[in-house]
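To be precise, the following lines are data.pdb, and they hold PDB, C-alpha atoms.
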ATOM      1  CA  MET A1015      -2.508 -53.291   5.177
ATOM      2  CA  THR A1016      -4.417 -56.536   4.673
ATOM      3  CA  GLU A1017      -5.645 -55.629   1.180
ATOM      4  CA  ILE A1018      -4.260 -53.356  -1.519
ATOM      5  CA  ARG A1019      -7.049 -51.641  -3.451
ATOM      6  CA  LEU A1020      -6.063 -50.899  -7.035
ATOM      7  CA  VAL A1021      -7.732 -48.672  -9.628
ATOM      8  CA  VAL A1022      -6.799 -48.894 -13.314
ATOM      9  CA  VAL A1023      -7.323 -45.800 -15.482
ATOM     10  CA  ASP A1024      -7.068 -46.634 -19.183
ATOM     11  CA  ASP A1025      -9.273 -45.928 -22.189
ATOM     12  CA  HIS A1026      -8.985 -49.559 -23.312
ATOM     13  CA  PRO A1027     -11.153 -51.835 -21.108
ATOM     14  CA  VAL A1028      -9.031 -54.807 -22.161
ATOM     15  CA  VAL A1029      -6.156 -53.313 -20.163
ATOM     16  CA  VAL A1030      -8.219 -53.459 -16.979
ATOM     17  CA  ASP A1031      -9.059 -57.101 -17.709
ATOM     18  CA  GLY A1032      -5.399 -57.799 -18.429
ATOM     19  CA  VAL A1033      -4.282 -56.290 -15.122
ATOM     20  CA  ARG A1034      -6.894 -58.361 -13.271
ATOM     21  CA  LEU A1035      -5.585 -61.461 -15.013
ATOM     22  CA  LEU A1036      -1.962 -60.693 -14.156
ATOM     23  CA  LEU A1037      -2.782 -60.028 -10.507
ATOM     24  CA  ARG A1038      -5.290 -62.840  -9.958
ATOM     25  CA  ASP A1039      -2.818 -65.055  -8.088
ATOM     26  CA  ASP A1040      -2.085 -62.434  -5.435
ATOM     27  CA  PRO A1041      -4.958 -62.403  -2.927
ATOM     28  CA  ALA A1042      -3.623 -59.245  -1.273
ATOM     29  CA  ILE A1043      -4.301 -57.082  -4.350
ATOM     30  CA  ARG A1044      -7.857 -56.327  -5.477
ATOM     31  CA  VAL A1045      -8.740 -54.338  -8.600
ATOM     32  CA  VAL A1046     -11.673 -52.274  -7.320
ATOM     33  CA  GLY A1047     -12.496 -50.711 -10.663
ATOM     34  CA  GLY A1048     -11.458 -49.302 -13.989
ATOM     35  CA  ALA A1049     -12.102 -45.936 -15.643
ATOM     36  CA  THR A1050     -11.786 -44.964 -19.293
ATOM     37  CA  ASP A1051     -11.834 -41.160 -19.008
ATOM     38  CA  ALA A1052     -10.761 -38.415 -16.610
ATOM     39  CA  ASP A1053     -14.122 -37.686 -14.994
ATOM     40  CA  ALA A1054     -14.806 -41.355 -14.370
ATOM     41  CA  ALA A1055     -11.299 -41.793 -12.950
ATOM     42  CA  VAL A1056     -11.699 -38.996 -10.404
ATOM     43  CA  GLY A1057     -15.142 -40.245  -9.369
ATOM     44  CA  LEU A1058     -13.930 -43.831  -9.015
ATOM     45  CA  ALA A1059     -10.929 -42.752  -6.956
ATOM     46  CA  ALA A1060     -13.157 -40.738  -4.620
ATOM     47  CA  ARG A1061     -15.561 -43.662  -4.128
ATOM     48  CA  THR A1062     -13.051 -46.467  -3.642
ATOM     49  CA  SER A1063     -10.133 -44.766  -1.810
ATOM     50  CA  PRO A1064      -7.540 -46.888  -3.608
ATOM     51  CA  HIS A1065      -4.025 -47.472  -2.331
ATOM     52  CA  VAL A1066      -2.588 -47.476  -5.866
ATOM     53  CA  ILE A1067      -3.791 -45.967  -9.161
ATOM     54  CA  LEU A1068      -2.371 -47.238 -12.456
ATOM     55  CA  LEU A1069      -2.726 -44.299 -14.840
ATOM     56  CA  ASP A1070      -2.447 -44.475 -18.624
ATOM     57  CA  LEU A1071      -0.437 -41.709 -20.255
ATOM     58  CA  ARG A1072      -3.261 -40.461 -22.469
ATOM     59  CA  LEU A1073      -7.043 -40.561 -22.108
ATOM     60  CA  PRO A1074      -9.707 -39.302 -24.553
ATOM     61  CA  ASP A1075     -10.310 -36.156 -22.480
ATOM     62  CA  ALA A1076      -6.989 -35.572 -20.711
ATOM     63  CA  VAL A1077      -3.319 -36.417 -20.547
ATOM     64  CA  ALA A1078      -1.964 -37.988 -17.391
ATOM     65  CA  SER A1079      -0.115 -34.852 -16.269
ATOM     66  CA  GLU A1080      -3.441 -32.966 -16.134
ATOM     67  CA  LEU A1081      -5.093 -35.709 -14.104
ATOM     68  CA  VAL A1082      -2.527 -36.074 -11.308
ATOM     69  CA  ALA A1083      -3.778 -33.124  -9.227
ATOM     70  CA  PRO A1084      -7.499 -34.030  -9.440
ATOM     71  CA  LEU A1085      -6.687 -37.623  -8.489
ATOM     72  CA  ARG A1086      -4.629 -36.401  -5.530
ATOM     73  CA  ARG A1087      -7.602 -34.385  -4.303
ATOM     74  CA  ALA A1088     -10.010 -37.287  -4.811
ATOM     75  CA  ALA A1089      -7.783 -39.886  -3.137
ATOM     76  CA  PRO A1090      -5.063 -38.128  -1.095
ATOM     77  CA  ASP A1091      -3.511 -41.353   0.175
ATOM     78  CA  ALA A1092      -3.287 -43.085  -3.195
ATOM     79  CA  ARG A1093       0.023 -43.712  -4.932
ATOM     80  CA  ILE A1094      -0.191 -42.781  -8.614
ATOM     81  CA  VAL A1095       1.857 -44.896 -11.013
ATOM     82  CA  VAL A1096       1.952 -44.231 -14.757
ATOM     83  CA  PHE A1097       1.162 -47.395 -16.729
ATOM     84  CA  THR A1098       2.250 -46.915 -20.331
ATOM     85  CA  ALA A1099       3.457 -48.712 -23.431
ATOM     86  CA  TYR A1100       5.755 -45.800 -24.348
ATOM     87  CA  ARG A1101       9.134 -45.487 -22.677
ATOM     88  CA  ASP A1102      10.009 -42.226 -24.435
ATOM     89  CA  HIS A1103       6.657 -40.553 -25.133
ATOM     90  CA  ALA A1104       6.772 -36.757 -25.171
ATOM     91  CA  ALA A1105       4.039 -36.600 -22.533
ATOM     92  CA  LEU A1106       5.940 -38.808 -20.101
ATOM     93  CA  ARG A1107       8.340 -36.175 -18.849
ATOM     94  CA  ALA A1108       5.497 -33.758 -18.042
ATOM     95  CA  THR A1109       3.711 -36.518 -16.163
ATOM     96  CA  LEU A1110       6.775 -37.389 -14.110
ATOM     97  CA  ASP A1111       7.260 -33.700 -13.337
ATOM     98  CA  ALA A1112       3.629 -33.539 -12.186
ATOM     99  CA  GLY A1113       4.670 -35.647  -9.213
ATOM    100  CA  VAL A1114       3.602 -39.215  -9.875
ATOM    101  CA  ASP A1115       5.002 -41.965  -7.687
ATOM    102  CA  GLY A1116       6.321 -44.190 -10.428
ATOM    103  CA  CYS A1117       6.179 -45.505 -13.981
ATOM    104  CA  ILE A1118       5.681 -49.067 -15.199
ATOM    105  CA  LEU A1119       5.715 -50.231 -18.800
ATOM    106  CA  LYS A1120       2.745 -52.294 -19.960
ATOM    107  CA  ASP A1121       4.871 -55.232 -21.041
ATOM    108  CA  ALA A1122       5.838 -55.868 -17.404
ATOM    109  CA  SER A1123       5.570 -59.473 -16.328
ATOM    110  CA  ALA A1124       3.022 -60.545 -13.743
ATOM    111  CA  THR A1125       5.820 -60.826 -11.187
ATOM    112  CA  ASP A1126       7.073 -57.314 -11.922
ATOM    113  CA  LEU A1127       3.582 -55.852 -11.822
ATOM    114  CA  VAL A1128       2.725 -57.506  -8.505
ATOM    115  CA  SER A1129       6.014 -56.339  -7.040
ATOM    116  CA  ALA A1130       5.521 -52.790  -8.327
ATOM    117  CA  VAL A1131       1.984 -52.515  -6.924
ATOM    118  CA  ARG A1132       3.081 -53.868  -3.558
ATOM    119  CA  GLN A1133       6.080 -51.543  -3.362
ATOM    120  CA  ALA A1134       4.048 -48.528  -4.452
ATOM    121  CA  ALA A1135       1.422 -49.306  -1.809
ATOM    122  CA  SER A1136       4.166 -49.463   0.813
ATOM    123  CA  GLY A1137       5.323 -45.958  -0.104
ATOM    124  CA  LEU A1138       8.235 -46.650  -2.442
ATOM    125  CA  GLN A1139       8.743 -44.885  -5.758
ATOM    126  CA  ILE A1140       8.688 -47.374  -8.630
ATOM    127  CA  PHE A1141      10.319 -46.415 -11.934
ATOM    128  CA  ASP A1142      10.918 -48.983 -14.659
ATOM    129  CA  PRO A1143      14.635 -48.741 -15.514
ATOM    130  CA  ARG A1144      13.806 -48.979 -19.235
ATOM    131  CA  VAL A1145      12.070 -45.596 -19.230
ATOM    132  CA  ASP A1146      14.005 -43.269 -21.513
ATOM    133  CA  ASP A1147      16.568 -41.367 -19.430
ATOM    134  CA  ARG A1148      15.453 -38.114 -21.043
ATOM    135  CA  ALA A1149      12.027 -38.583 -19.509
ATOM    136  CA  ALA A1150      13.255 -39.060 -15.947
ATOM    137  CA  PRO A1151      15.429 -36.071 -14.985
ATOM    138  CA  ARG A1152      14.789 -36.507 -11.266
ATOM    139  CA  MET A1153      15.915 -40.128 -11.301
ATOM    140  CA  ARG A1154      19.005 -39.189 -13.328
ATOM    141  CA  SER A1155      19.823 -36.546 -10.721
ATOM    142  CA  ARG A1156      19.434 -39.037  -7.875
ATOM    143  CA  LEU A1157      21.715 -41.546  -9.573
ATOM    144  CA  HIS A1158      24.291 -38.810 -10.084
ATOM    145  CA  GLU A1159      24.098 -37.794  -6.423
ATOM    146  CA  THR A1160      24.659 -41.329  -5.180
ATOM    147  CA  GLY A1161      27.260 -42.230  -7.806
ATOM    148  CA  LEU A1162      25.311 -45.306  -8.912
ATOM    149  CA  THR A1163      25.602 -46.354 -12.534
ATOM    150  CA  GLN A1164      22.478 -47.248 -14.501
ATOM    151  CA  ARG A1165      23.432 -50.928 -14.412
ATOM    152  CA  GLU A1166      23.989 -50.850 -10.658
ATOM    153  CA  TYR A1167      20.562 -49.277 -10.314
ATOM    154  CA  ASP A1168      19.001 -51.956 -12.534
ATOM    155  CA  VAL A1169      20.424 -54.685 -10.294
ATOM    156  CA  LEU A1170      19.377 -52.800  -7.153
ATOM    157  CA  ARG A1171      15.802 -52.458  -8.392
ATOM    158  CA  HIS A1172      15.537 -56.184  -9.047
ATOM    159  CA  ALA A1173      17.011 -56.918  -5.613
ATOM    160  CA  ALA A1174      14.402 -54.623  -4.056
ATOM    161  CA  ALA A1175      11.727 -56.649  -5.863
ATOM    162  CA  GLY A1176      12.883 -59.707  -3.908
ATOM    163  CA  ARG A1177      14.826 -61.485  -6.646
ATOM    164  CA  THR A1178      17.867 -63.609  -5.838
ATOM    165  CA  ASN A1179      21.231 -63.006  -7.509
ATOM    166  CA  PRO A1180      20.733 -65.932  -9.947
ATOM    167  CA  GLU A1181      17.288 -64.582 -10.875
ATOM    168  CA  ILE A1182      18.687 -61.090 -11.424
ATOM    169  CA  ALA A1183      21.484 -62.507 -13.552
ATOM    170  CA  GLU A1184      19.006 -64.360 -15.749
ATOM    171  CA  GLN A1185      16.684 -61.358 -16.035
ATOM    172  CA  LEU A1186      19.432 -58.914 -17.035
ATOM    173  CA  GLY A1187      21.639 -61.279 -19.025
ATOM    174  CA  LEU A1188      24.556 -61.041 -16.597
ATOM    175  CA  THR A1189      26.724 -63.548 -14.762
ATOM    176  CA  ARG A1190      26.066 -64.161 -11.090
ATOM    177  CA  HIS A1191      29.535 -62.844 -10.306
ATOM    178  CA  THR A1192      28.766 -59.596 -12.120
ATOM    179  CA  VAL A1193      25.489 -59.173 -10.228
ATOM    180  CA  THR A1194      27.334 -59.681  -6.938
ATOM    181  CA  GLY A1195      29.868 -57.059  -7.980
ATOM    182  CA  TYR A1196      27.188 -54.509  -8.854
ATOM    183  CA  LEU A1197      25.473 -55.051  -5.504
ATOM    184  CA  ARG A1198      28.761 -54.639  -3.648
ATOM    185  CA  ASN A1199      29.428 -51.400  -5.522
ATOM    186  CA  ALA A1200      25.946 -50.148  -4.652
ATOM    187  CA  MET A1201      26.437 -51.026  -0.984
ATOM    188  CA  ARG A1202      29.706 -49.115  -0.912
ATOM    189  CA  LYS A1203      28.233 -46.061  -2.609
ATOM    190  CA  LEU A1204      25.171 -45.991  -0.333
ATOM    191  CA  ASN A1205      27.196 -46.896   2.772
ATOM    192  CA  ALA A1206      25.161 -50.040   3.395
ATOM    193  CA  ARG A1207      26.446 -53.119   5.201
ATOM    194  CA  ASN A1208      24.047 -55.673   3.751
ATOM    195  CA  ARG A1209      21.307 -56.204   1.195
ATOM    196  CA  ILE A1210      18.437 -55.124   3.464
ATOM    197  CA  GLU A1211      20.224 -51.939   4.495
ATOM    198  CA  LEU A1212      21.033 -51.236   0.849
ATOM    199  CA  ILE A1213      17.375 -51.416  -0.155
ATOM    200  CA  THR A1214      16.339 -49.301   2.829
ATOM    201  CA  ARG A1215      18.899 -46.604   2.050
ATOM    202  CA  ALA A1216      17.991 -46.642  -1.625
ATOM    203  CA  ALA A1217      14.330 -46.141  -0.753
ATOM    204  CA  LYS A1218      15.133 -43.241   1.560
ATOM    205  CA  SER A1219      17.225 -41.680  -1.222
ATOM    206  CA  GLY A1220      14.230 -41.753  -3.565
ATOM    207  CA  LEU A1221      15.708 -44.416  -5.811
ATOM    208  CA  LEU A1222      12.956 -46.966  -5.208
TER     209      LEU A1222
END
Please, can you express the file's structure as structure tokens?
Amino acid sequence: MTEIRLVVVDDHPVVVDGVRLLLRDDPAIRVVGGATDADAAVGLAARTSPHVILLDLRLPDAVASELVAPLRRAAPDARIVVFTAYRDHAALRATLDAGVDGCILKDASATDLVSAVRQAASGLQIFDPRVDDRAAPRMRSRLHETGLTQREYDVLRHAAAGRTNPEIAEQLGLTRHTVTGYLRNAMRKLNARNRIELITRAAKSGLL
């Protein structure tokens, strides 16, 4: 796609402005609108046919889990990503179980947000590794199935975002040698021969 259309659903208009500001340097992503309540969100999604919807956990007239199905009907091709400040909110688990395509915390950097929107638009599931493990039972199950540790998954996610080993090491507070070791472990567990194959296999396994 030549342009990624993004809708932001949040009851605080400043969040929409903040997202626009964070994404302003990426010409491929365009915020086509913001909505502050459920009805406005569904109408906006139907009118704009977005590729990605950033959805706040709670709105004045609905919680995110109640809004997933109406948004799916309004924009069947859109990827719905929860955009929240709460990594362990009680409503988060219900929203994940409702079938959203990812979860990003609102303190994400501009680089992380751009990467998440791009990956979501391409069909990948995007879950911030800092989300409370209790709120992500499906991701926990997938990690268990593959044998990946949480730290190996953290490194894998950053690699999928296009970061180099030195950048991952700085981001996670690890040594470069440790990052290399985690990636090698992940390759072995996912039967991948190189970094690109690792990311591809992780995506197919529902880890990204």
Residues within 12 Å of Gly1032 (chain A), please, as a CSV table (one decimal) with C-alpha atoms, in the frame of the given file. Count only C-alpha atoms; anything in the same chain fewer than 6 positions from it doesn't count.
chain,number,residue,atom,x,y,z
A,1022,VAL,CA,-6.8,-48.9,-13.3
A,1024,ASP,CA,-7.1,-46.6,-19.2
A,1026,HIS,CA,-9.0,-49.6,-23.3
A,1038,ARG,CA,-5.3,-62.8,-10.0
A,1045,VAL,CA,-8.7,-54.3,-8.6
A,1048,GLY,CA,-11.5,-49.3,-14.0
A,1120,LYS,CA,2.7,-52.3,-20.0
A,1121,ASP,CA,4.9,-55.2,-21.0
A,1122,ALA,CA,5.8,-55.9,-17.4
A,1123,SER,CA,5.6,-59.5,-16.3
A,1124,ALA,CA,3.0,-60.5,-13.7
A,1127,LEU,CA,3.6,-55.9,-11.8
task: Would you kindly return, as a list in words, each protein, DNA or RNA residue with an atom no farther than 9 Å from any atom of Lys1203 (chain A), considering all atoms listed in the file and excluding same-chain residues fewer than 4 positions away?
output: Thr1160, Gly1161, Leu1162, Arg1198 and Asn1199 of chain A
statement: The residue from A:Ala1217, A:Leu1081, A:Ile1182, A:Ala1055 with the smallest atom-to-atom distance to Gly1137 (chain A), counting only C-alpha atoms, is A:Ala1217
query: Quick one, how far is CA of Tyr1100 (chain A) from CA of Ala1112 (chain A)?
result: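 About the pair CA of Tyr1100 (chain A) and CA of Ala1112 (chain A): they are 17.4 Å apart.
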message: Restricting the calculation to all atoms listed in the file: of A:Leu1110, A:Val1028, A:Ile1118, A:Val1169, which residue gets closest to Glu1184 (chain A)?
response: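 Of A:Leu1110, A:Val1028, A:Ile1118, A:Val1169, the one nearest Glu1184 (chain A) is A:Val1169, counting all atoms listed in the file.
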